[in-house]
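Coordinates from entry21.cif are shown below (mmCIF, C-alpha atoms).
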data_entry
loop_
_atom_site.label_atom_id
_atom_site.label_comp_id
_atom_site.auth_asym_id
_atom_site.auth_seq_id
_atom_site.Cartn_x
_atom_site.Cartn_y
_atom_site.Cartn_z
CA MET A 159 104.60 137.41 66.11
CA PRO A 160 102.83 137.15 69.48
CA SER A 161 104.55 135.39 72.37
CA THR A 162 103.54 131.82 73.10
CA GLU A 163 104.10 132.33 76.81
CA VAL A 164 101.22 132.95 79.17
CA THR A 165 101.39 134.35 82.67
CA THR A 166 98.95 132.40 84.82
CA ILE A 167 100.41 132.68 88.29
CA LYS A 168 97.85 134.08 90.68
CA SER A 169 100.22 134.29 93.61
CA LEU A 170 102.85 132.28 95.39
CA PRO A 171 100.95 130.67 98.27
CA THR A 172 103.45 129.79 100.95
CA LYS A 173 101.71 126.56 101.94
CA VAL A 174 101.45 125.37 98.32
CA GLU A 175 105.09 126.22 97.75
CA GLU A 176 106.13 124.26 100.84
CA VAL A 177 104.41 121.11 99.60
CA ALA A 178 105.74 121.64 96.05
CA LEU A 179 109.28 121.84 97.38
CA GLU A 180 108.74 118.67 99.42
CA ILE A 181 107.58 116.91 96.26
CA GLY A 182 110.69 118.16 94.49
CA ALA A 183 112.87 116.76 97.25
CA ALA A 184 111.06 113.41 97.11
CA MET A 185 111.73 113.24 93.35
CA SER A 186 115.32 114.42 93.50
CA GLY A 187 116.46 111.33 91.60
CA SER A 188 114.41 112.24 88.51
CA ASP A 189 115.53 114.49 85.66
CA ILE A 190 112.97 117.30 86.00
CA TYR A 191 113.25 120.50 83.98
CA ARG A 192 110.37 122.39 85.58
CA THR A 193 107.59 121.83 88.11
CA SER A 194 104.33 123.74 88.42
CA VAL A 195 101.19 123.52 90.53
CA HIS A 196 97.78 124.30 89.01
CA ASP A 197 94.38 124.85 90.58
CA ALA A 198 91.13 123.26 89.40
CA THR A 199 90.72 125.87 86.64
CA GLY A 200 94.14 125.08 85.19
CA ALA A 201 95.72 128.35 86.37
CA ALA A 202 99.27 128.01 87.67
CA VAL A 203 99.64 129.04 91.29
CA TRP A 204 103.31 128.10 91.63
CA ILE A 205 106.15 127.50 89.13
CA SER A 206 109.69 126.44 89.90
CA ALA A 207 111.10 128.52 87.00
CA GLY A 208 109.99 130.48 83.92
CA ASN A 209 106.41 130.63 82.65
CA ILE A 210 103.82 128.22 81.32
CA ASP A 211 103.38 128.49 77.55
CA ARG A 212 100.13 128.02 75.66
CA ALA A 213 100.86 124.42 74.70
CA GLU A 214 101.48 123.48 78.32
CA GLN A 215 98.37 125.34 79.41
CA ALA A 216 96.30 123.44 76.85
CA PHE A 217 97.84 120.17 78.04
CA MET A 218 96.91 120.98 81.64
CA LEU A 219 93.29 121.68 80.68
CA ASP A 220 93.15 118.35 78.86
CA ALA A 221 94.60 116.64 81.92
CA LEU A 222 92.05 118.19 84.27
CA ASP A 223 89.21 117.16 81.92
CA SER A 224 90.58 113.62 81.93
CA PHE A 225 90.84 113.54 85.73
CA ALA A 226 87.27 114.81 86.06
CA LEU A 227 85.89 112.24 83.63
CA GLU A 228 87.92 109.35 85.08
CA PRO A 229 87.91 109.62 88.89
CA ALA A 230 90.28 106.65 89.25
CA ARG A 231 92.89 108.16 86.94
CA ALA A 232 95.99 109.45 88.70
CA THR A 233 98.27 110.64 85.85
CA PHE A 234 98.04 112.11 82.35
CA GLU A 235 101.06 112.50 80.08
CA ARG A 236 102.23 113.49 76.63
CA GLU A 237 105.64 113.06 75.02
CA ILE A 238 107.03 116.27 73.50
CA GLY A 239 110.14 114.84 71.84
CA LYS A 240 113.39 112.93 72.44
CA GLY A 241 112.19 111.22 75.61
CA ARG A 242 111.02 114.47 77.18
CA GLY A 243 107.40 114.82 78.21
CA LEU A 244 104.74 116.51 80.27
CA VAL A 245 103.25 114.51 83.13
CA ALA A 246 100.31 115.75 85.21
CA TYR A 247 99.38 114.22 88.55
CA ALA A 248 95.87 114.61 89.93
CA ALA A 249 95.81 116.48 93.25
CA ARG A 250 92.89 114.78 94.98
CA ASP A 251 92.12 115.11 98.65
CA PRO A 252 91.77 111.95 100.81
CA ARG A 253 88.07 111.87 99.89
CA GLY A 254 88.80 111.77 96.15
CA ALA A 255 87.75 115.36 95.30
CA LEU A 256 89.90 116.96 92.57
CA HIS A 257 91.42 120.35 93.47
CA GLY A 258 94.07 120.74 90.78
CA ALA A 259 97.21 119.05 89.50
CA LEU A 260 100.99 118.90 89.65
CA LEU A 261 102.74 119.30 86.27
CA LEU A 262 106.23 118.05 85.48
CA ASP A 263 108.32 118.85 82.41
CA VAL A 264 110.58 115.83 82.70
CA ASN A 265 112.73 113.18 81.13
CA LEU A 266 110.17 110.36 81.08
CA ARG A 267 112.74 107.60 81.43
CA SER A 268 114.02 109.10 84.67
CA LEU A 269 110.59 108.72 86.28
CA GLY A 270 110.39 104.99 85.80
CA GLY A 271 107.18 103.04 85.54
CA ARG A 272 104.86 102.75 82.59
CA THR A 273 102.53 105.33 81.09
CA GLY A 274 99.74 105.97 83.56
CA GLU A 275 101.65 104.42 86.43
CA ARG A 276 104.40 106.98 87.08
CA ILE A 277 105.62 107.31 90.68
CA THR A 278 103.79 104.93 92.99
CA LEU A 279 105.66 105.63 96.23
CA PRO A 280 103.39 105.99 99.31
CA LEU A 281 105.16 109.24 100.26
CA PHE A 282 104.37 110.79 96.88
CA ALA A 283 100.69 109.87 97.12
CA ARG A 284 100.45 111.45 100.58
CA LEU A 285 102.13 114.62 99.34
CA LEU A 286 99.56 114.89 96.55
CA HIS A 287 96.80 114.59 99.17
CA ARG A 288 98.38 117.45 101.11
CA LEU A 289 98.77 119.52 97.96
CA ALA A 290 95.09 119.07 97.18
CA LEU A 291 94.10 120.29 100.63
CA ARG A 292 96.36 123.34 100.21
CA LEU A 293 94.79 124.13 96.83
CA ALA A 294 91.34 123.77 98.37
CA GLY A 295 92.28 126.33 100.98
CA GLU A 296 91.77 123.76 103.72
CA LYS A 297 94.11 123.04 106.56
CA PRO A 298 94.80 119.35 106.89
CA THR A 299 95.21 119.99 110.57
CA THR A 300 91.57 120.81 111.25
CA ALA A 301 91.22 117.86 113.61
CA VAL A 302 90.12 119.10 116.98
CA SER A 303 92.32 118.38 119.98
CA ILE A 304 90.48 115.69 121.87
CA ALA A 305 92.31 116.12 125.16
CA SER A 306 95.66 116.20 126.81
CA HIS A 307 96.64 112.65 127.71
CA ASP A 308 99.82 112.15 129.69
CA GLY A 309 100.55 115.82 129.04
CA GLN A 310 100.40 115.39 125.27
CA PRO A 311 97.55 116.72 123.05
CA VAL A 312 96.06 114.06 120.79
CA THR A 313 93.61 114.15 117.89
CA LEU A 314 91.21 111.68 116.31
CA TYR A 315 91.74 110.61 112.70
CA VAL A 316 89.80 108.01 110.72
CA GLN A 317 90.79 105.75 107.85
CA GLN A 318 88.05 104.41 105.62
CA LEU A 319 88.13 100.79 104.48
CA VAL A 320 87.91 100.54 100.70
CA LYS A 321 85.25 98.16 99.39
CA LEU A 322 86.57 95.45 97.09
CA ARG A 323 83.15 93.89 96.60
CA SER A 324 79.56 94.72 97.46
CA ALA A 325 79.24 94.91 101.23
CA GLY A 326 76.13 96.99 101.88
CA ARG A 327 75.70 100.75 102.25
CA THR A 328 77.54 101.16 105.54
CA ARG A 329 80.91 102.94 105.33
CA ARG A 330 83.46 101.54 107.74
CA TYR A 331 86.23 103.49 109.45
CA GLU A 332 89.06 102.65 111.80
CA VAL A 333 89.66 105.35 114.41
CA LEU A 334 93.32 106.33 114.65
CA LEU A 335 95.14 108.40 117.22
CA ARG A 336 97.55 111.13 116.16
CA ALA A 337 99.58 113.43 118.37
CA ASP A 338 101.08 115.70 115.70
CA THR A 339 99.77 117.96 112.94
CA VAL A 340 100.56 117.71 109.24
CA ASP A 341 103.05 120.56 109.46
CA SER A 342 105.05 119.02 112.26
CA ALA A 343 107.34 116.04 112.48
CA PRO A 344 106.58 113.23 112.45
CA ALA A 345 103.93 113.23 109.73
CA PRO A 346 100.26 112.68 110.68
CA GLN A 347 100.51 109.06 109.58
CA GLU A 348 102.70 108.49 112.65
CA ALA A 349 100.89 107.31 115.76
CA PRO A 350 102.08 108.37 119.24
CA ARG A 351 103.90 105.08 119.86
CA ASP A 352 105.03 105.83 123.42
CA MET A 353 101.49 106.72 124.43
CA LEU A 354 100.05 103.58 122.83
CA ASP A 355 102.73 101.40 124.42
CA ARG A 356 101.85 102.77 127.85
CA ALA A 357 98.19 101.94 127.20
CA GLU A 358 99.20 98.28 126.81
CA ASP A 359 100.30 98.21 130.45
CA PRO A 360 97.68 96.20 132.39
CA ALA A 361 97.85 98.84 135.11
CA SER A 362 96.89 101.70 132.73
CA GLY A 363 93.18 101.08 133.32
CA GLY A 364 92.22 101.97 129.76
CA LYS A 365 92.60 105.71 130.38
CA LEU A 366 93.59 106.44 126.77
CA ASP A 367 90.71 104.32 125.44
CA ARG A 368 88.29 106.29 127.60
CA VAL A 369 89.46 109.56 126.06
CA VAL A 370 89.03 108.18 122.54
CA VAL A 371 85.61 106.61 123.16
CA SER A 372 84.32 109.71 124.92
CA GLN A 373 85.32 112.08 122.12
CA LEU A 374 84.14 109.70 119.40
CA CYS A 375 80.72 109.35 121.02
CA GLN A 376 80.41 113.12 121.29
CA TRP A 377 81.26 113.52 117.61
CA LEU A 378 78.80 110.79 116.60
CA ALA A 379 76.03 112.39 118.65
CA LYS A 380 76.73 115.81 117.10
CA ASN A 381 76.56 114.35 113.57
CA ARG A 382 73.59 112.05 114.14
CA ALA A 383 71.51 113.52 111.28
CA GLN A 384 74.28 113.03 108.74
CA LEU A 385 74.90 109.44 109.85
CA ASP A 386 71.20 108.64 109.55
CA VAL A 387 71.42 109.50 105.84
CA ASP A 388 74.84 107.94 105.18
CA PRO A 389 75.25 105.01 107.62
CA ALA A 390 78.74 104.42 108.95
CA ALA A 391 80.52 102.32 111.57
CA PHE A 392 83.63 103.26 113.54
CA SER A 393 86.00 100.84 115.28
CA VAL A 394 88.37 101.77 118.11
CA ASN A 395 91.56 99.82 118.81
CA LEU A 396 91.20 98.27 122.27
CA SER A 397 94.31 98.48 124.46
CA THR A 398 95.29 95.67 126.79
CA GLY A 399 94.86 98.06 129.71
CA ALA A 400 91.20 98.59 128.76
CA LEU A 401 90.61 94.89 128.07
CA LEU A 402 91.78 93.92 131.55
CA ASP A 403 89.93 96.71 133.37
CA GLU A 404 86.45 95.48 134.30
CA SER A 405 85.20 99.04 134.86
CA PHE A 406 85.94 99.98 131.23
CA MET A 407 82.79 98.19 130.05
CA GLY A 408 80.67 100.26 132.41
CA PHE A 409 82.35 103.39 131.07
CA VAL A 410 81.46 102.44 127.48
CA GLU A 411 77.87 101.74 128.45
CA LYS A 412 77.56 105.15 130.11
CA ALA A 413 79.22 106.95 127.19
CA LEU A 414 76.70 105.40 124.79
CA ARG A 415 73.80 106.26 127.06
CA ASP A 416 74.91 109.86 127.59
CA ALA A 417 75.41 110.39 123.83
CA ARG A 418 72.02 108.80 123.08
CA MET A 419 73.54 107.20 120.03
CA ASN A 420 72.96 103.95 118.20
CA PRO A 421 75.52 101.50 119.66
CA ARG A 422 75.85 99.79 116.28
CA LEU A 423 77.96 102.73 115.14
CA LEU A 424 80.67 101.78 117.63
CA GLY A 425 83.01 98.82 117.44
CA PHE A 426 86.22 97.66 119.07
CA GLU A 427 89.24 96.04 117.46
CA VAL A 428 90.68 93.26 119.62
CA ARG A 429 93.98 91.80 118.44
CA GLU A 430 94.46 88.06 118.03
CA ASP A 431 97.41 88.09 120.44
CA GLN A 432 95.21 89.75 123.09
CA CYS A 433 92.61 87.01 122.65
CA ARG A 434 95.27 84.32 123.05
CA SER A 435 96.99 85.94 126.04
CA HIS A 436 93.78 86.89 127.86
CA PRO A 437 91.04 84.54 126.57
CA GLU A 438 88.66 84.96 129.53
CA GLN A 439 88.78 88.74 129.42
CA ALA A 440 88.45 88.80 125.63
CA LEU A 441 85.40 86.52 125.73
CA ARG A 442 83.87 88.62 128.52
CA PHE A 443 84.35 91.79 126.47
CA MET A 444 82.82 90.22 123.35
CA GLN A 445 79.78 89.15 125.35
CA PHE A 446 79.50 92.65 126.78
CA CYS A 447 79.56 94.11 123.25
CA GLU A 448 76.75 91.78 122.18
CA LYS A 449 74.65 92.92 125.13
CA ALA A 450 75.47 96.60 124.55
CA GLY A 451 74.82 96.39 120.79
CA CYS A 452 78.40 97.17 119.71
CA HIS A 453 80.43 95.07 117.28
CA VAL A 454 83.87 93.47 117.55
CA VAL A 455 86.65 93.28 114.97
CA ILE A 456 89.39 90.69 115.48
CA ASP A 457 92.60 92.31 114.28
CA ASP A 458 95.82 90.65 113.06
CA PHE A 459 93.81 87.48 112.45
CA THR A 460 95.64 84.32 111.32
CA PHE A 461 92.97 81.65 111.98
CA HIS A 462 94.84 80.38 115.03
CA SER A 463 93.04 77.41 116.56
CA GLU A 464 92.81 79.06 119.99
CA LEU A 465 90.46 81.70 118.56
CA LEU A 466 87.96 79.35 116.96
CA PRO A 467 85.55 79.34 119.97
CA MET A 468 85.46 83.15 119.93
CA LEU A 469 84.24 83.16 116.34
CA ARG A 470 80.92 81.85 117.68
CA GLN A 471 80.32 85.17 119.47
CA ARG A 472 77.58 87.15 117.72
CA SER A 473 79.33 90.45 118.37
CA VAL A 474 82.28 89.45 116.13
CA ARG A 475 81.40 90.95 112.75
CA MET A 476 84.74 91.43 111.02
CA LEU A 477 88.15 89.77 110.66
CA LYS A 478 91.22 91.82 109.76
CA ILE A 479 93.89 89.58 108.28
CA ASP A 480 97.37 89.90 109.76
CA ALA A 481 99.28 92.29 107.51
CA SER A 482 102.30 89.97 107.37
CA LEU A 483 100.13 87.41 105.58
CA THR A 484 98.76 89.78 102.96
CA VAL A 485 102.22 91.22 102.28
CA ALA A 486 103.69 87.72 101.85
CA ALA A 487 100.75 86.34 99.88
CA LEU A 488 101.88 87.76 96.54
CA LYS A 489 105.05 85.66 96.68
CA ASP A 490 104.39 82.77 99.06
CA LYS A 491 101.91 79.97 98.30
CA VAL A 492 101.36 79.07 101.95
CA ALA A 493 100.50 82.69 102.81
CA GLN A 494 98.17 82.77 99.80
CA ALA A 495 96.41 79.67 101.09
CA GLN A 496 96.02 81.21 104.57
CA VAL A 497 94.54 84.44 103.20
CA ALA A 498 92.17 82.51 100.91
CA ALA A 499 91.09 80.31 103.83
CA ILE A 500 90.33 83.34 106.01
CA SER A 501 88.38 84.96 103.19
CA HIS A 502 86.30 81.82 102.61
CA GLY A 503 85.87 81.19 106.32
CA SER A 504 84.57 84.71 106.94
CA ARG A 505 81.88 84.23 104.29
CA VAL A 506 80.78 80.94 105.89
CA LEU A 507 80.61 82.71 109.27
CA GLY A 508 78.67 85.65 107.82
CA MET A 509 81.44 88.12 108.67
CA HIS A 510 83.31 90.74 106.68
CA CYS A 511 86.98 90.24 105.87
CA VAL A 512 89.64 92.97 105.58
CA ALA A 513 93.15 92.87 104.11
CA LYS A 514 95.58 95.40 105.58
CA ARG A 515 98.66 97.20 104.25
CA ILE A 516 97.55 96.98 100.61
CA GLU A 517 99.75 99.31 98.57
CA SER A 518 99.50 98.06 94.97
CA PRO A 519 96.80 97.54 92.31
CA MET A 520 98.03 93.95 91.82
CA ALA A 521 97.43 93.05 95.46
CA ARG A 522 94.02 94.73 95.42
CA GLN A 523 92.94 92.83 92.30
CA TRP A 524 94.04 89.47 93.70
CA LEU A 525 92.28 90.05 97.02
CA SER A 526 89.10 91.07 95.24
CA ALA A 527 89.26 87.91 93.11
CA ILE A 528 89.43 85.62 96.17
CA GLY A 529 86.48 87.35 97.83
CA VAL A 530 88.01 89.71 100.39
CA ASP A 531 85.44 92.42 101.21
CA PHE A 532 87.64 95.38 102.15
CA ALA A 533 91.20 96.60 101.77
CA GLN A 534 93.03 99.03 104.02
CA GLY A 535 96.19 100.92 103.13
CA TYR A 536 97.58 104.44 102.96
CA LEU A 537 97.66 104.42 99.16
CA LEU A 538 94.00 103.42 98.98
CA GLU A 539 92.55 105.80 101.54
CA GLY A 540 94.72 107.96 103.76
CA PRO A 541 93.90 108.99 107.34
CA LEU A 542 91.56 111.96 107.59
CA PRO A 543 90.81 114.16 110.62
CA ILE A 544 87.43 113.05 111.90
CA THR A 545 86.22 116.65 111.99
CA GLU A 546 86.52 116.82 108.20
CA LEU A 547 83.80 114.17 107.89
CA ALA A 548 81.36 116.66 109.37
CA SER A 549 81.65 118.95 106.34
CA LEU A 550 80.89 116.34 103.70
CA ARG A 551 78.68 113.38 103.00
CA LEU A 552 80.28 110.04 103.77
CA THR A 553 80.61 109.02 100.15
CA GLU A 554 82.12 105.94 98.55
CA PRO A 555 85.91 106.21 98.36
CA VAL A 556 87.52 106.29 94.94
CA GLN A 557 89.79 103.36 94.16
CA ARG A 558 92.92 105.12 93.06
CA ASN A 559 95.77 103.88 90.91
CA PHE A 560 98.33 104.79 93.57
#

Exercise: express the given structure as structure tokens:
Amino acid sequence: MPSTEVTTIKSLPTKVEEVALEIGAAMSGSDIYRTSVHDATGAAVWISAGNIDRAEQAFMLDALDSFALEPARATFEREIGKGRGLVAYAARDPRGALHGALLLDVNLRSLGGRTGERITLPLFARLLHRLALRLAGEKPTTAVSIASHDGQPVTLYVQQLVKLRSAGRTRRYEVLLRADTVDSAPAPQEAPRDMLDRAEDPASGGKLDRVVVSQLCQWLAKNRAQLDVDPAAFSVNLSTGALLDESFMGFVEKALRDARMNPRLLGFEVREDQCRSHPEQALRFMQFCEKAGCHVVIDDFTFHSELLPMLRQRSVRMLKIDASLTVAALKDKVAQAQVAAISHGSRVLGMHCVAKRIESPMARQWLSAIGVDFAQGYLLEGPLPITELASLRLTEPVQRNF
């Protein structure tokens, strides 16, 4: 009688193995009998122990077909007896492209969650993103070093806002600053806090902001043809040092002129607390942006009465709700009322509205129901090196189950 085992391992890629072991460590509390990583053809490229038999191979092919047909699907499972089962997790990159899957032979009860909703931890979702990039043969660290600021190399990342309702063709990204690669600690989701804190010093003169704006404008100019086909907008977080430095506006104007780019591509995120602490400077900057053709996003917005006059500025195009409100809204009626009021108010004002730190399908569904335009969160769309956008079309992000 022929063996039911199949040998499908192509090799033992070190980078794939590293991520697989990290996933194993993250799931150490689950009762897992075997873990394997498969590429987009279903072939196993790494196995924790033993071999994949024909039944498991067939299951993996079914899982990959399901993931391909249902882009929003994150898991596929089948019980094999006495509470034991096979669970496959789609390995999609941050853009939603499928590059393979992770397969667990596991005690289903030890995973927790319901069928189709196994493991919803943010860390696990980010590890699957990394695994996908390894399977694709890409390095998640392809972001180019933008400069050395304060003796520390930094890179530009972007995080796309996920559309909850129709909001035009333009894709919208927040520009993030990262000082470490994926393979180093801390993880790339960690911002260089010390550097950002120093930029808040009024005496900093917006030096860090100048580095970011300069490199972003260069990238936008280099990718002008792509952005003409797939329109996008990018917003940079404005530091207090830049807000208070009058010469920073002249720098932005020159950067736009030198790059010969459409200023509508560039926006600045001004926090509500900055507007309250420095109202004259905030108003001056908003008026400058209107003249220059850039847009303004008010971040950490709570509808504080002191900001109402600033909402009349034409350059203000988007309101990002304070994350503490959206987090509390699922349990607190007052927070719900505040979020709903901001959502309704933004529509009256002709602005877009964004909810931040959204990490669950329930929160996303509620926000969509009350009319919020966009959601932002690591489980919806993780940070991506800006240089990776150059190798693909800026397509609509997939709304994932994670």

Q.
Evaluate the PyMOL selection byres ((chain A and resi 437) around 12) against this structure - the residues, as a PyMOL selection string, please.
A. chain A and resi 398+401-402+428-436+438-444+464-468

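Matched in the shown structure by the PyMOL selection byres ((chain A and resi 333) around 10): Leu314, Tyr315, Val316, Gln317, Gln318, Arg330, Tyr331, Glu332, Leu334, Leu335, Arg336, Val370, Val371, Leu374, Phe392, Ser393, Val394, Asn395, Gly425, Phe426, Glu427, Pro541, Leu542, Pro543 and Ile544 of chain A.
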
Close residues, Asn381 of chain A itself excluded, 12 Å, all atoms listed in the file, min 3 positions apart in chain, as a short mmCIF file (atom, residue, chain, number, x, y, z; two decimals) with C-alpha atoms, keeping the file's coordinate frame:
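Writing the result to part03.cif gives the following:
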data_model
loop_
_atom_site.label_atom_id
_atom_site.label_comp_id
_atom_site.auth_asym_id
_atom_site.auth_seq_id
_atom_site.Cartn_x
_atom_site.Cartn_y
_atom_site.Cartn_z
CA LEU A 374 84.14 109.70 119.40
CA CYS A 375 80.72 109.35 121.02
CA GLN A 376 80.41 113.12 121.29
CA TRP A 377 81.26 113.52 117.61
CA LEU A 378 78.80 110.79 116.60
CA GLN A 384 74.28 113.03 108.74
CA LEU A 385 74.90 109.44 109.85
CA ASP A 386 71.20 108.64 109.55
CA VAL A 387 71.42 109.50 105.84
CA ASP A 388 74.84 107.94 105.18
CA PRO A 389 75.25 105.01 107.62
CA ALA A 390 78.74 104.42 108.95
CA ALA A 417 75.41 110.39 123.83
CA ARG A 418 72.02 108.80 123.08
CA MET A 419 73.54 107.20 120.03
CA ASN A 420 72.96 103.95 118.20
CA LEU A 423 77.96 102.73 115.14
CA ILE A 544 87.43 113.05 111.90
CA THR A 545 86.22 116.65 111.99
CA GLU A 546 86.52 116.82 108.20
CA LEU A 547 83.80 114.17 107.89
CA ALA A 548 81.36 116.66 109.37
CA SER A 549 81.65 118.95 106.34
CA LEU A 550 80.89 116.34 103.70
CA ARG A 551 78.68 113.38 103.00
CA LEU A 552 80.28 110.04 103.77
#

Q) Between atom CA of Arg327 of chain A and atom CA of Leu291 of chain A, what is the spacing in Å? A)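 About the pair atom CA of Leu291 of chain A and atom CA of Arg327 of chain A: they are 26.9 Å apart.
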
Q: Return as a PyMOL selection string the set of residues that the PyMOL selection byres ((chain A and resi 481) around 10) yields on the displayed structure.
A: chain A and resi 457-460+478-480+482-487+512-516+534

Q) For the point (98.3, 107.8, 129.2) in file coordinates, what residues are within 12 Å, counting only C-alpha atoms? Give the answer as a ChimeraX atom specification? A) /A:305-312,350-359,361-370,397,399-400

Q: Can you work out the spacing between atom CA of Ile238 of chain A and atom CA of Phe282 of chain A in Å, to one decimal?
A: 24.2 Å

(Q) Please report the interatomic distance between atom CA of Glu228 of chain A and atom CA of Arg522 of chain A in Å with one decimal. (A) 18.9 Å

Q: Go through A:Arg284, A:Leu289, A:Asp189, A:Val195 and flag the residue nearest Gly243 of chain A, using all atoms listed in the file for the distances.
A: A:Asp189

**Q.** Selected residue, from A:Arg192, A:His462, A:Arg470, A:Arg242, that lies nearest to Ala499 of chain A when counting all atoms listed in the file
**A.**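 Nearest to Ala499 of chain A: A:His462.
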
Q | Exercise: segment 208-220 of chain A partners within 12 Å, only C-alpha atoms, chain neighbours under 5 positions left out, as JSON, numbers by chain | A | {"A": [160, 161, 162, 163, 164, 165, 166, 167, 191, 192, 193, 194, 195, 196, 197, 198, 199, 200, 201, 202, 203, 225, 226, 227, 233, 234, 235, 236, 237, 238, 243, 244, 245, 246, 247, 248, 258, 259, 260, 261, 262, 263]}

Q) Which of these, A:Ala498, A:Leu285, A:Leu319, A:Leu507, has the shortest distance to Trp524 of chain A once you count only C-alpha atoms? A)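 When distances to Trp524 of chain A are compared using only C-alpha atoms, the smallest one comes from A:Ala498.
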
Q: Check the smallest atom-to-atom distance from each of A:Ala337, A:Leu424, A:Gly254, A:Ala450 to Ala349 of chain A using only C-alpha atoms, then report the winner.
A: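 Using only C-alpha atoms, Ala349 of chain A sits closest to A:Ala337.
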